[in-house]
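*Asks:* Quick one: the structure is below, questions incoming.
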Amino acid sequence: MRRRIIGQPKILKRLTIHILQSKDLEYHWHPGTPLKDLRRTPPFIVTKASGSYIEGIDGHRVIDGISSWWCKTLGHNHPRLKSALIEQINKFEHVINATSTNQILVDLSALLVSLVPGMGKVFYASDGSSAVEISLKMSLHSRLNQGNQTKIKFLSLANGYHGETCGALSITHTGKFKKAYHPMLFDCLAIEGIPYTNTPNNDLWHSCQDHWLKIQDFLQKHHHEITAIIVEPIVQGAGNMKIYSQDFLRRLRTWTTEHDIHLIADEIMTGIGRTGKMFACEHANITPDFMCLSKGLTSGWLPFSCVLTTNDIYNCFYDKIGQDEVFYHSHTHSGNVLGACLALETLKIMTEDFDWSELNEKATYLLNSMHDIADESKVLSNVRGIGMIAAADINQEAFSLERMNEMIHIAFQNGALLRPLGKTVYWLPPLNIENKTIDELKEITKKSIVYAFKKET
């Protein structure tokens with residue numbers, strides 16, 4: 001008779017995990033991570049995910065506190081999105097978008113345009129950086145089609161981030177992303193002196209007159225050569241989750257209109273409800289000339305992006321047939337119907353069945369929870385938040401990179417996926433996270449911060 005060895009399933013599972021992690025590190029180059037860190041802390045092997053939780057092969061569950069790089073708007077494995085995708089897969093998966101269309105794309109385009117008054121057309125691509133590249137090229141190309149050879153440069157905000165392809169990286173001003181690649185990038189001036197605020201409930205949010213006067217002086221020196229200014233509306237994500245005055249965005253839109261300069265709104269992170277409104281531009285009640293969307297557009301199910309623009313921009317290309325005049329930006333998967341069906345279903349959920357008042361109550365709960373950690377730990381300061389974003393900074397005297405890495409590791413062991421930005425600890429969970437899960441996230445974050453930053457050296 002064969003004996004069962006006590007603990008054998010656990011041993012086999014550990015062996016399986018070790019083999020998978022070893023093979024992964026042998027062949028797989030992980031993005032955005034110091035490679036030696038993965039030797040010390042091997043990658044988490046995911047087997048399933050649902051709602052606000054990710055589960056590993058060993059049964060360990062973690063709260064997705066960052067929406068898997070800010071894209072899981074409606075959480076993981078949403079049943080309506082799964083059904084929409086399966087239904088479309090059973091029909092067809094992709095057809096060239098250059099000379100074809102379908103009911104999904106027609107409905108999605110019409111819905112997107114209806115959500116942003118003043119927009120008239122939608123151009124589809126694959127990912128956020130590509131959408132940014134398209135908006136830059138459309139702006140510049142439209143000038144050339146109009147015979148304007150002067151307005152050929154771009155402006156962006158200091159501390160801004162717009163992606164990692166060459167054009168998007170050129171207009172990015174967070175140094176760690178671009179320093180090594182300067183030889184292959186074009187120059188882009190930065191608007192300094194941004195009026196940052198921690199909350200929409202203060203005077204600076206409503207009026208940034210003093211800041212604006214200095215910024216306006218800078219803008220006036222360059223307006224004759226600028227084709228477009230690109231911004232992350234209201235929140236600079238990779239730039240440490242900094243929030244700025246809606247009055248600044250409103251004034252900038254007015255100024256760009258007066259000086260025939262395009263405004264590009266990079267809503268890749270801020271769009272689709274993240275800041276408490278469908279689009280962050282709504283905080284300033286403005287419509288840009290271009291709006292870039294991705295990430296939450298499909299609730300992170302598939303790579304998919306788009307650029308919304310005006311009929312005026314479209315008409316700069318409408319009757320052009322010359323090789324140098326046609327907009328030859330041709331992504332293979334432009335208008336991919338699988339991404340489109342997910343985007344359409346996401347927007348239907350957000351516009352027809354989403355409780356926005358509940359979202360704003362939850363946003364207050366999320367921010368108050370970060371304040372609680374700051375009050376109780378005495379390690380965090382500069383607490384800030386808007387919509388379903390809450391952030392704070394580790395105090396300078398307590399901070400070290402080694403301790404931050406330890407905090408991340410302890411948080412993960414205790415059930416929360418966090419990915420701080422420099423000294424900034426932040427939460428950016430799915431919009432439909434439950435309050436009890438926020439409570440759990442709060443306790444794990446607090447214990448991890450206290451353990452890492454308040455222990456004796």
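Order determines the names: the first chain of the structure tokens is A, the second B, and so forth; residues in each chain are numbered 1 upward, and ligands are numbered 1 upward as they are shown.
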Extract, using only C-alpha atoms, all DNA, RNA and protein residues at most 8 Å from stretch 71-75 of chain A, discarding same-chain residues fewer than 2 positions from it, and format them as a PDB file with all heavy atoms, in the first residue's frame.
*Replies:*
```pdb
ATOM      1  N   SER A  50     -10.063  38.809  -9.925  1.00  0.00           N
ATOM      2  CA  SER A  50     -11.492  39.135  -9.908  1.00  0.00           C
ATOM      3  C   SER A  50     -11.710  40.371  -9.055  1.00  0.00           C
ATOM      4  O   SER A  50     -11.148  40.491  -7.959  1.00  0.00           O
ATOM      5  CB  SER A  50     -12.297  37.964  -9.356  1.00  0.00           C
ATOM      6  OG  SER A  50     -13.681  38.261  -9.351  1.00  0.00           O
ATOM      7  N   GLY A  51     -12.517  41.299  -9.576  1.00  0.00           N
ATOM      8  CA  GLY A  51     -12.801  42.517  -8.825  1.00  0.00           C
ATOM      9  C   GLY A  51     -11.539  43.288  -8.535  1.00  0.00           C
ATOM     10  O   GLY A  51     -10.767  43.614  -9.437  1.00  0.00           O
ATOM     11  N   SER A  52     -11.280  43.564  -7.262  1.00  0.00           N
ATOM     12  CA  SER A  52     -10.103  44.323  -6.859  1.00  0.00           C
ATOM     13  C   SER A  52      -8.943  43.429  -6.440  1.00  0.00           C
ATOM     14  O   SER A  52      -7.942  43.925  -5.918  1.00  0.00           O
ATOM     15  CB  SER A  52     -10.465  45.251  -5.689  1.00  0.00           C
ATOM     16  OG  SER A  52     -11.443  46.195  -6.082  1.00  0.00           O
ATOM     17  N   SER A  67      -4.558  49.398  -9.790  1.00  0.00           N
ATOM     18  CA  SER A  67      -5.330  49.055 -11.002  1.00  0.00           C
ATOM     19  C   SER A  67      -4.431  48.554 -12.129  1.00  0.00           C
ATOM     20  O   SER A  67      -4.636  48.895 -13.304  1.00  0.00           O
ATOM     21  CB  SER A  67      -6.150  50.267 -11.482  1.00  0.00           C
ATOM     22  OG  SER A  67      -7.160  50.592 -10.575  1.00  0.00           O
ATOM     23  N   SER A  68      -3.428  47.757 -11.760  1.00  0.00           N
ATOM     24  CA  SER A  68      -2.518  47.163 -12.756  1.00  0.00           C
ATOM     25  C   SER A  68      -2.007  48.202 -13.758  1.00  0.00           C
ATOM     26  O   SER A  68      -2.252  48.112 -14.953  1.00  0.00           O
ATOM     27  CB  SER A  68      -3.190  45.988 -13.479  1.00  0.00           C
ATOM     28  OG  SER A  68      -3.293  44.893 -12.598  1.00  0.00           O
ATOM     29  N   TRP A  69      -1.261  49.166 -13.231  1.00  0.00           N
ATOM     30  CA  TRP A  69      -0.762  50.305 -14.004  1.00  0.00           C
ATOM     31  C   TRP A  69      -1.917  51.158 -14.526  1.00  0.00           C
ATOM     32  O   TRP A  69      -1.930  51.589 -15.662  1.00  0.00           O
ATOM     33  CB  TRP A  69       0.185  49.878 -15.121  1.00  0.00           C
ATOM     34  CG  TRP A  69       1.630  50.124 -14.778  1.00  0.00           C
ATOM     35  CD1 TRP A  69       2.121  50.969 -13.825  1.00  0.00           C
ATOM     36  CD2 TRP A  69       2.770  49.518 -15.393  1.00  0.00           C
ATOM     37  NE1 TRP A  69       3.491  50.925 -13.798  1.00  0.00           N
ATOM     38  CE2 TRP A  69       3.921  50.037 -14.749  1.00  0.00           C
ATOM     39  CE3 TRP A  69       2.932  48.600 -16.420  1.00  0.00           C
ATOM     40  CZ2 TRP A  69       5.221  49.661 -15.097  1.00  0.00           C
ATOM     41  CZ3 TRP A  69       4.218  48.224 -16.762  1.00  0.00           C
ATOM     42  CH2 TRP A  69       5.345  48.751 -16.118  1.00  0.00           C
ATOM     43  N   ASN A  77     -11.929  40.910 -14.456  1.00  0.00           N
ATOM     44  CA  ASN A  77     -12.896  39.853 -14.785  1.00  0.00           C
ATOM     45  C   ASN A  77     -14.347  40.322 -14.679  1.00  0.00           C
ATOM     46  O   ASN A  77     -15.220  39.570 -14.221  1.00  0.00           O
ATOM     47  CB  ASN A  77     -12.659  38.642 -13.865  1.00  0.00           C
ATOM     48  CG  ASN A  77     -13.177  37.346 -14.459  1.00  0.00           C
ATOM     49  OD1 ASN A  77     -13.332  37.219 -15.666  1.00  0.00           O
ATOM     50  ND2 ASN A  77     -13.468  36.386 -13.595  1.00  0.00           N
ATOM     51  N   HIS A  78     -14.616  41.538 -15.118  1.00  0.00           N
ATOM     52  CA  HIS A  78     -15.983  42.064 -15.058  1.00  0.00           C
ATOM     53  C   HIS A  78     -16.889  41.232 -15.974  1.00  0.00           C
ATOM     54  O   HIS A  78     -16.585  41.047 -17.162  1.00  0.00           O
ATOM     55  CB  HIS A  78     -16.002  43.530 -15.491  1.00  0.00           C
ATOM     56  CG  HIS A  78     -17.261  44.240 -15.155  1.00  0.00           C
ATOM     57  ND1 HIS A  78     -18.448  44.022 -15.821  1.00  0.00           N
ATOM     58  CD2 HIS A  78     -17.541  45.177 -14.201  1.00  0.00           C
ATOM     59  CE1 HIS A  78     -19.393  44.784 -15.309  1.00  0.00           C
ATOM     60  NE2 HIS A  78     -18.871  45.498 -14.321  1.00  0.00           N
ATOM     61  N   MET A 269      -4.568  58.332 -18.435  1.00  0.00           N
ATOM     62  CA  MET A 269      -4.781  57.894 -17.054  1.00  0.00           C
ATOM     63  C   MET A 269      -5.993  58.565 -16.424  1.00  0.00           C
ATOM     64  O   MET A 269      -6.766  57.929 -15.714  1.00  0.00           O
ATOM     65  CB  MET A 269      -3.537  58.187 -16.205  1.00  0.00           C
ATOM     66  CG  MET A 269      -3.629  57.672 -14.770  1.00  0.00           C
ATOM     67  SD  MET A 269      -4.459  58.776 -13.605  1.00  0.00           S
ATOM     68  CE  MET A 269      -3.126  59.901 -13.214  1.00  0.00           C
ATOM     69  N   ILE A 272     -12.119  58.389 -18.195  1.00  0.00           N
ATOM     70  CA  ILE A 272     -13.027  57.278 -17.863  1.00  0.00           C
ATOM     71  C   ILE A 272     -13.230  57.173 -16.350  1.00  0.00           C
ATOM     72  O   ILE A 272     -13.125  56.097 -15.748  1.00  0.00           O
ATOM     73  CB  ILE A 272     -12.546  55.937 -18.463  1.00  0.00           C
ATOM     74  CG1 ILE A 272     -11.940  56.114 -19.848  1.00  0.00           C
ATOM     75  CG2 ILE A 272     -13.717  54.954 -18.523  1.00  0.00           C
ATOM     76  CD1 ILE A 272     -12.874  56.681 -20.894  1.00  0.00           C
ATOM     77  N   GLY A 273     -13.497  58.323 -15.723  1.00  0.00           N
ATOM     78  CA  GLY A 273     -13.968  58.340 -14.348  1.00  0.00           C
ATOM     79  C   GLY A 273     -12.923  58.451 -13.267  1.00  0.00           C
ATOM     80  O   GLY A 273     -13.272  58.610 -12.091  1.00  0.00           O
ATOM     81  N   ARG A 274     -11.657  58.387 -13.592  1.00  0.00           N
ATOM     82  CA  ARG A 274     -10.624  58.306 -12.560  1.00  0.00           C
ATOM     83  C   ARG A 274     -10.631  59.494 -11.597  1.00  0.00           C
ATOM     84  O   ARG A 274     -10.384  59.335 -10.400  1.00  0.00           O
ATOM     85  CB  ARG A 274      -9.248  58.160 -13.229  1.00  0.00           C
ATOM     86  CG  ARG A 274      -8.071  58.100 -12.278  1.00  0.00           C
ATOM     87  CD  ARG A 274      -8.219  57.034 -11.219  1.00  0.00           C
ATOM     88  NE  ARG A 274      -8.341  55.679 -11.730  1.00  0.00           N
ATOM     89  CZ  ARG A 274      -8.551  54.617 -10.970  1.00  0.00           C
ATOM     90  NH1 ARG A 274      -8.667  54.748  -9.645  1.00  0.00           N
ATOM     91  NH2 ARG A 274      -8.675  53.415 -11.501  1.00  0.00           N
ATOM     92  N   LYS A 295      -5.844  52.970 -21.637  1.00  0.00           N
ATOM     93  CA  LYS A 295      -5.934  52.366 -20.306  1.00  0.00           C
ATOM     94  C   LYS A 295      -7.360  51.973 -19.923  1.00  0.00           C
ATOM     95  O   LYS A 295      -7.858  50.937 -20.305  1.00  0.00           O
ATOM     96  CB  LYS A 295      -5.316  53.304 -19.258  1.00  0.00           C
ATOM     97  CG  LYS A 295      -3.798  53.405 -19.343  1.00  0.00           C
ATOM     98  CD  LYS A 295      -3.225  54.122 -18.154  1.00  0.00           C
ATOM     99  CE  LYS A 295      -1.714  54.281 -18.229  1.00  0.00           C
ATOM    100  NZ  LYS A 295      -0.950  53.037 -18.097  1.00  0.00           N
ATOM    101  N   GLY A 296      -8.060  52.849 -19.176  1.00  0.00           N
ATOM    102  CA  GLY A 296      -9.391  52.536 -18.690  1.00  0.00           C
ATOM    103  C   GLY A 296     -10.457  52.474 -19.764  1.00  0.00           C
ATOM    104  O   GLY A 296     -11.594  52.074 -19.496  1.00  0.00           O
ATOM    105  N   LEU A 297     -10.122  52.850 -20.983  1.00  0.00           N
ATOM    106  CA  LEU A 297     -11.114  52.835 -22.063  1.00  0.00           C
ATOM    107  C   LEU A 297     -11.678  51.434 -22.274  1.00  0.00           C
ATOM    108  O   LEU A 297     -12.874  51.276 -22.548  1.00  0.00           O
ATOM    109  CB  LEU A 297     -10.481  53.360 -23.357  1.00  0.00           C
ATOM    110  CG  LEU A 297     -11.386  53.478 -24.576  1.00  0.00           C
ATOM    111  CD1 LEU A 297     -12.577  54.396 -24.312  1.00  0.00           C
ATOM    112  CD2 LEU A 297     -10.589  53.975 -25.786  1.00  0.00           C
ATOM    113  N   SER A 299     -11.196  49.186 -19.788  1.00  0.00           N
ATOM    114  CA  SER A 299     -10.992  48.689 -18.425  1.00  0.00           C
ATOM    115  C   SER A 299      -9.795  47.743 -18.359  1.00  0.00           C
ATOM    116  O   SER A 299      -9.761  46.791 -17.593  1.00  0.00           O
ATOM    117  CB  SER A 299     -12.245  47.992 -17.887  1.00  0.00           C
ATOM    118  OG  SER A 299     -12.159  47.849 -16.468  1.00  0.00           O
ATOM    119  N   GLY A 300      -8.803  48.036 -19.217  1.00  0.00           N
ATOM    120  CA  GLY A 300      -7.550  47.292 -19.175  1.00  0.00           C
ATOM    121  C   GLY A 300      -7.594  45.891 -19.748  1.00  0.00           C
ATOM    122  O   GLY A 300      -6.665  45.115 -19.554  1.00  0.00           O
ATOM    123  N   TRP A 301      -8.635  45.546 -20.488  1.00  0.00           N
ATOM    124  CA  TRP A 301      -8.737  44.179 -21.014  1.00  0.00           C
ATOM    125  C   TRP A 301      -7.804  43.952 -22.201  1.00  0.00           C
ATOM    126  O   TRP A 301      -7.215  42.888 -22.325  1.00  0.00           O
ATOM    127  CB  TRP A 301     -10.183  43.873 -21.429  1.00  0.00           C
ATOM    128  CG  TRP A 301     -11.034  43.422 -20.287  1.00  0.00           C
ATOM    129  CD1 TRP A 301     -11.379  44.151 -19.180  1.00  0.00           C
ATOM    130  CD2 TRP A 301     -11.628  42.135 -20.118  1.00  0.00           C
ATOM    131  NE1 TRP A 301     -12.171  43.402 -18.342  1.00  0.00           N
ATOM    132  CE2 TRP A 301     -12.349  42.155 -18.893  1.00  0.00           C
ATOM    133  CE3 TRP A 301     -11.660  40.973 -20.875  1.00  0.00           C
ATOM    134  CZ2 TRP A 301     -13.062  41.057 -18.418  1.00  0.00           C
ATOM    135  CZ3 TRP A 301     -12.377  39.878 -20.410  1.00  0.00           C
ATOM    136  CH2 TRP A 301     -13.068  39.923 -19.191  1.00  0.00           C
ATOM    137  N   THR A 346     -17.598  49.176 -21.758  1.00  0.00           N
ATOM    138  CA  THR A 346     -17.124  49.966 -20.617  1.00  0.00           C
ATOM    139  C   THR A 346     -17.858  51.293 -20.544  1.00  0.00           C
ATOM    140  O   THR A 346     -18.337  51.704 -19.473  1.00  0.00           O
ATOM    141  CB  THR A 346     -15.603  50.214 -20.721  1.00  0.00           C
ATOM    142  OG1 THR A 346     -14.905  48.966 -20.632  1.00  0.00           O
ATOM    143  CG2 THR A 346     -15.118  51.131 -19.610  1.00  0.00           C
ATOM    144  N   PRO A 429      -7.012  52.459  -7.081  1.00  0.00           N
ATOM    145  CA  PRO A 429      -7.673  51.161  -7.214  1.00  0.00           C
ATOM    146  C   PRO A 429      -8.793  51.199  -8.254  1.00  0.00           C
ATOM    147  O   PRO A 429      -9.165  52.279  -8.757  1.00  0.00           O
ATOM    148  CB  PRO A 429      -8.245  50.938  -5.818  1.00  0.00           C
ATOM    149  CG  PRO A 429      -8.580  52.323  -5.348  1.00  0.00           C
ATOM    150  CD  PRO A 429      -7.499  53.211  -5.904  1.00  0.00           C
ATOM    151  N   PRO A 430      -9.368  50.044  -8.588  1.00  0.00           N
ATOM    152  CA  PRO A 430     -10.561  50.039  -9.441  1.00  0.00           C
ATOM    153  C   PRO A 430     -11.646  50.961  -8.876  1.00  0.00           C
ATOM    154  O   PRO A 430     -11.789  51.082  -7.652  1.00  0.00           O
ATOM    155  CB  PRO A 430     -11.002  48.576  -9.417  1.00  0.00           C
ATOM    156  CG  PRO A 430      -9.739  47.817  -9.178  1.00  0.00           C
ATOM    157  CD  PRO A 430      -8.935  48.675  -8.247  1.00  0.00           C
ATOM    158  N   LEU A 431     -12.401  51.581  -9.761  1.00  0.00           N
ATOM    159  CA  LEU A 431     -13.437  52.528  -9.319  1.00  0.00           C
ATOM    160  C   LEU A 431     -14.513  51.839  -8.487  1.00  0.00           C
ATOM    161  O   LEU A 431     -15.155  52.478  -7.649  1.00  0.00           O
ATOM    162  CB  LEU A 431     -14.089  53.206 -10.526  1.00  0.00           C
ATOM    163  CG  LEU A 431     -13.178  53.961 -11.500  1.00  0.00           C
ATOM    164  CD1 LEU A 431     -14.030  54.692 -12.539  1.00  0.00           C
ATOM    165  CD2 LEU A 431     -12.246  54.930 -10.791  1.00  0.00           C
ATOM    166  N   ASN A 432     -14.711  50.563  -8.726  1.00  0.00           N
ATOM    167  CA  ASN A 432     -15.770  49.838  -8.018  1.00  0.00           C
ATOM    168  C   ASN A 432     -15.248  49.032  -6.832  1.00  0.00           C
ATOM    169  O   ASN A 432     -15.910  48.098  -6.369  1.00  0.00           O
ATOM    170  CB  ASN A 432     -16.547  48.930  -8.984  1.00  0.00           C
ATOM    171  CG  ASN A 432     -15.633  48.026  -9.798  1.00  0.00           C
ATOM    172  OD1 ASN A 432     -14.412  48.053  -9.638  1.00  0.00           O
ATOM    173  ND2 ASN A 432     -16.218  47.234 -10.679  1.00  0.00           N
ATOM    174  N   ILE A 433     -14.096  49.387  -6.309  1.00  0.00           N
ATOM    175  CA  ILE A 433     -13.578  48.753  -5.104  1.00  0.00           C
ATOM    176  C   ILE A 433     -14.572  48.977  -3.958  1.00  0.00           C
ATOM    177  O   ILE A 433     -15.210  50.030  -3.865  1.00  0.00           O
ATOM    178  CB  ILE A 433     -12.182  49.313  -4.737  1.00  0.00           C
ATOM    179  CG1 ILE A 433     -11.560  48.532  -3.582  1.00  0.00           C
ATOM    180  CG2 ILE A 433     -12.243  50.797  -4.426  1.00  0.00           C
ATOM    181  CD1 ILE A 433     -10.112  48.923  -3.276  1.00  0.00           C
TER     182      ILE A 433
END
```
*Asks:* Pick out the residues sitting within 9 Å of A:Pro200, and hand them over as an mmCIF file with N, CA and C atoms, in the first residue's frame; count only C-alpha atoms, and ignore anything fewer than 3 positions along from it in its own chain.
*Replies:*
```
data_model
loop_
_atom_site.group_PDB
_atom_site.id
_atom_site.type_symbol
_atom_site.label_atom_id
_atom_site.label_comp_id
_atom_site.auth_asym_id
_atom_site.auth_seq_id
_atom_site.Cartn_x
_atom_site.Cartn_y
_atom_site.Cartn_z
ATOM 1 N N THR A 197 -2.034 71.838 -6.077
ATOM 2 C CA THR A 197 -2.929 71.892 -4.936
ATOM 3 C C THR A 197 -3.204 70.474 -4.455
ATOM 4 N N ASP A 203 -8.703 77.734 -2.312
ATOM 5 C CA ASP A 203 -8.760 78.924 -3.157
ATOM 6 C C ASP A 203 -7.963 78.761 -4.447
ATOM 7 N N LEU A 204 -6.792 78.097 -4.368
ATOM 8 C CA LEU A 204 -5.943 77.957 -5.550
ATOM 9 C C LEU A 204 -6.622 77.131 -6.638
ATOM 10 N N TRP A 205 -7.395 76.157 -6.244
ATOM 11 C CA TRP A 205 -8.147 75.370 -7.228
ATOM 12 C C TRP A 205 -9.061 76.265 -8.053
ATOM 13 N N HIS A 206 -9.637 77.268 -7.399
ATOM 14 C CA HIS A 206 -10.618 78.136 -8.064
ATOM 15 C C HIS A 206 -9.973 79.344 -8.755
ATOM 16 N N ILE A 243 -1.478 67.170 -8.297
ATOM 17 C CA ILE A 243 -2.764 67.726 -8.731
ATOM 18 C C ILE A 243 -2.600 69.231 -8.905
ATOM 19 N N TYR A 244 -3.151 69.772 -9.984
ATOM 20 C CA TYR A 244 -3.037 71.220 -10.169
ATOM 21 C C TYR A 244 -4.398 71.881 -10.363
ATOM 22 N N SER A 245 -4.404 73.189 -10.274
ATOM 23 C CA SER A 245 -5.622 74.003 -10.276
ATOM 24 C C SER A 245 -6.403 73.869 -11.583
ATOM 25 N N GLN A 246 -7.701 73.643 -11.453
ATOM 26 C CA GLN A 246 -8.547 73.630 -12.653
ATOM 27 C C GLN A 246 -8.573 74.995 -13.314
ATOM 28 N N GLY A 385 -5.495 64.247 -3.065
ATOM 29 C CA GLY A 385 -6.332 63.319 -3.791
ATOM 30 C C GLY A 385 -7.430 64.000 -4.564
ATOM 31 N N ILE A 386 -7.890 63.310 -5.579
ATOM 32 C CA ILE A 386 -9.051 63.737 -6.363
ATOM 33 C C ILE A 386 -9.647 62.488 -7.000
#
```
*Asks:* So the first atom is atom CA of A:Ile86 and the second is atom CA of A:Leu108; what is the distance between them in Å, to one decimal place?
*Replies:*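 Computing the Euclidean distance for atom CA of A:Ile86 and atom CA of A:Leu108 yields 17.6 Å.
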*Asks:* If you run DSSP on this backbone, which residues of stretch 282-380 of chain A come out as strand (DSSP E), and could you give them as a PyMOL selection string?
*Replies:* chain A and resi 290-293+305-309+380
*Asks:* Tell me which protein, DNA and RNA residues are within 12 Å of A:Asn285, counting only C-alpha atoms, leaving out same-chain ones fewer than 4 positions away, and put them as a ChimeraX atom specification.
*Replies:* /A:116-118,233-234,246-251,253-254,277-281
*Asks:* So that I can see what lies close to stretch 388-392 of chain A, please list as a PyMOL selection string the residues with an atom at most 7 Å from it, counting only C-alpha atoms and leaving out residues fewer than 5 positions away in the same chain.
*Replies:* chain A and resi 241+274-276+363+366-367+370+380-383+424-429+431
*Asks:* For stretch 235-305 of chain A against stretch 313-320 of chain A, with a cut-off of 12 Å and counting only C-alpha atoms, what is the closest atom pair and its distance in Å to one decimal for every residue that makes the cut, ordered by chain and number, as JSON lines?
*Replies:*
```
{"residue": "A:His262", "atom": "CA", "partner": "A:Ile313", "partner_atom": "CA", "distance": 9.8}
{"residue": "A:Pro288", "atom": "CA", "partner": "A:Ile313", "partner_atom": "CA", "distance": 11.8}
{"residue": "A:Asp289", "atom": "CA", "partner": "A:Ile313", "partner_atom": "CA", "distance": 8.0}
{"residue": "A:Phe290", "atom": "CA", "partner": "A:Ile313", "partner_atom": "CA", "distance": 9.1}
```
*Asks:* Find the distance between atom CA of A:His223 and atom CA of A:His329 and write it in Å to one decimal.
*Replies:*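 Calculated distance between atom CA of A:His223 and atom CA of A:His329 is 27.2 Å.
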*Asks:* Neighbours of stretch 91-106 of chain A within 8 Å (only C-alpha atoms; same-chain residues fewer than 3 positions away dropped), as a PDB file with N, CA, C and O atoms, in the first residue's frame?
*Replies:*
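This is the output file result39.pdb:
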```pdb
ATOM      1  N   GLU A  87     -18.857  37.349 -27.126  1.00  0.00           N
ATOM      2  CA  GLU A  87     -19.846  37.515 -28.206  1.00  0.00           C
ATOM      3  C   GLU A  87     -19.180  37.983 -29.490  1.00  0.00           C
ATOM      4  O   GLU A  87     -19.478  37.487 -30.583  1.00  0.00           O
ATOM      5  N   GLN A  88     -18.242  38.944 -29.370  1.00  0.00           N
ATOM      6  CA  GLN A  88     -17.587  39.459 -30.562  1.00  0.00           C
ATOM      7  C   GLN A  88     -16.601  38.454 -31.148  1.00  0.00           C
ATOM      8  O   GLN A  88     -16.503  38.313 -32.376  1.00  0.00           O
ATOM      9  N   SER A 109     -17.708  55.161 -31.880  1.00  0.00           N
ATOM     10  CA  SER A 109     -17.302  56.503 -32.326  1.00  0.00           C
ATOM     11  C   SER A 109     -18.386  57.533 -32.013  1.00  0.00           C
ATOM     12  O   SER A 109     -18.094  58.635 -31.522  1.00  0.00           O
ATOM     13  N   ALA A 110     -19.633  57.168 -32.289  1.00  0.00           N
ATOM     14  CA  ALA A 110     -20.743  58.094 -32.021  1.00  0.00           C
ATOM     15  C   ALA A 110     -20.856  58.384 -30.529  1.00  0.00           C
ATOM     16  O   ALA A 110     -21.087  59.536 -30.122  1.00  0.00           O
ATOM     17  N   SER A 330      -0.682  54.492 -40.042  1.00  0.00           N
ATOM     18  CA  SER A 330      -1.466  53.283 -40.328  1.00  0.00           C
ATOM     19  C   SER A 330      -1.109  52.141 -39.388  1.00  0.00           C
ATOM     20  O   SER A 330      -0.317  51.261 -39.717  1.00  0.00           O
ATOM     21  N   THR A 332      -1.554  48.661 -37.774  1.00  0.00           N
ATOM     22  CA  THR A 332      -2.161  47.412 -38.230  1.00  0.00           C
ATOM     23  C   THR A 332      -3.475  47.140 -37.501  1.00  0.00           C
ATOM     24  O   THR A 332      -4.472  46.752 -38.109  1.00  0.00           O
ATOM     25  N   HIS A 333      -3.471  47.369 -36.182  1.00  0.00           N
ATOM     26  CA  HIS A 333      -4.649  47.035 -35.378  1.00  0.00           C
ATOM     27  C   HIS A 333      -5.518  48.244 -35.063  1.00  0.00           C
ATOM     28  O   HIS A 333      -6.314  48.206 -34.114  1.00  0.00           O
ATOM     29  N   SER A 334      -5.393  49.282 -35.858  1.00  0.00           N
ATOM     30  CA  SER A 334      -6.294  50.432 -35.702  1.00  0.00           C
ATOM     31  C   SER A 334      -7.740  49.962 -35.804  1.00  0.00           C
ATOM     32  O   SER A 334      -8.109  49.235 -36.724  1.00  0.00           O
ATOM     33  N   GLY A 335      -8.545  50.371 -34.825  1.00  0.00           N
ATOM     34  CA  GLY A 335      -9.958  49.997 -34.848  1.00  0.00           C
ATOM     35  C   GLY A 335     -10.215  48.536 -34.576  1.00  0.00           C
ATOM     36  O   GLY A 335     -11.288  48.023 -34.932  1.00  0.00           O
ATOM     37  N   ASN A 336      -9.278  47.850 -33.920  1.00  0.00           N
ATOM     38  CA  ASN A 336      -9.483  46.428 -33.622  1.00  0.00           C
ATOM     39  C   ASN A 336     -10.814  46.219 -32.913  1.00  0.00           C
ATOM     40  O   ASN A 336     -11.099  46.827 -31.885  1.00  0.00           O
ATOM     41  N   VAL A 337     -11.637  45.355 -33.469  1.00  0.00           N
ATOM     42  CA  VAL A 337     -13.021  45.248 -33.003  1.00  0.00           C
ATOM     43  C   VAL A 337     -13.123  44.623 -31.609  1.00  0.00           C
ATOM     44  O   VAL A 337     -14.084  44.882 -30.879  1.00  0.00           O
ATOM     45  N   LEU A 338     -12.143  43.820 -31.215  1.00  0.00           N
ATOM     46  CA  LEU A 338     -12.188  43.246 -29.870  1.00  0.00           C
ATOM     47  C   LEU A 338     -11.974  44.333 -28.813  1.00  0.00           C
ATOM     48  O   LEU A 338     -12.681  44.388 -27.806  1.00  0.00           O
ATOM     49  N   ALA A 340     -12.545  47.475 -29.408  1.00  0.00           N
ATOM     50  CA  ALA A 340     -13.675  48.391 -29.567  1.00  0.00           C
ATOM     51  C   ALA A 340     -14.909  47.898 -28.818  1.00  0.00           C
ATOM     52  O   ALA A 340     -15.634  48.690 -28.194  1.00  0.00           O
ATOM     53  N   CYS A 341     -15.171  46.591 -28.858  1.00  0.00           N
ATOM     54  CA  CYS A 341     -16.372  46.079 -28.168  1.00  0.00           C
ATOM     55  C   CYS A 341     -16.212  46.226 -26.654  1.00  0.00           C
ATOM     56  O   CYS A 341     -17.185  46.505 -25.944  1.00  0.00           O
ATOM     57  N   LEU A 344     -16.737  49.958 -25.903  1.00  0.00           N
ATOM     58  CA  LEU A 344     -18.154  50.300 -25.991  1.00  0.00           C
ATOM     59  C   LEU A 344     -18.905  49.824 -24.747  1.00  0.00           C
ATOM     60  O   LEU A 344     -19.713  50.573 -24.174  1.00  0.00           O
TER      61      LEU A 344
END
```
*Asks:* Enter the distance from atom CA of A:Ser126 to atom CA of A:Ile45, in Å, rounded to one decimal.
*Replies:* 26.2 Å
*Asks:* Could you check which of A:Lys436, A:His409, A:Tyr196, A:Tyr328 is closest to A:Ser448, using only C-alpha atoms?
*Replies:*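 Using only C-alpha atoms, the shortest distance to A:Ser448 belongs to A:His409.
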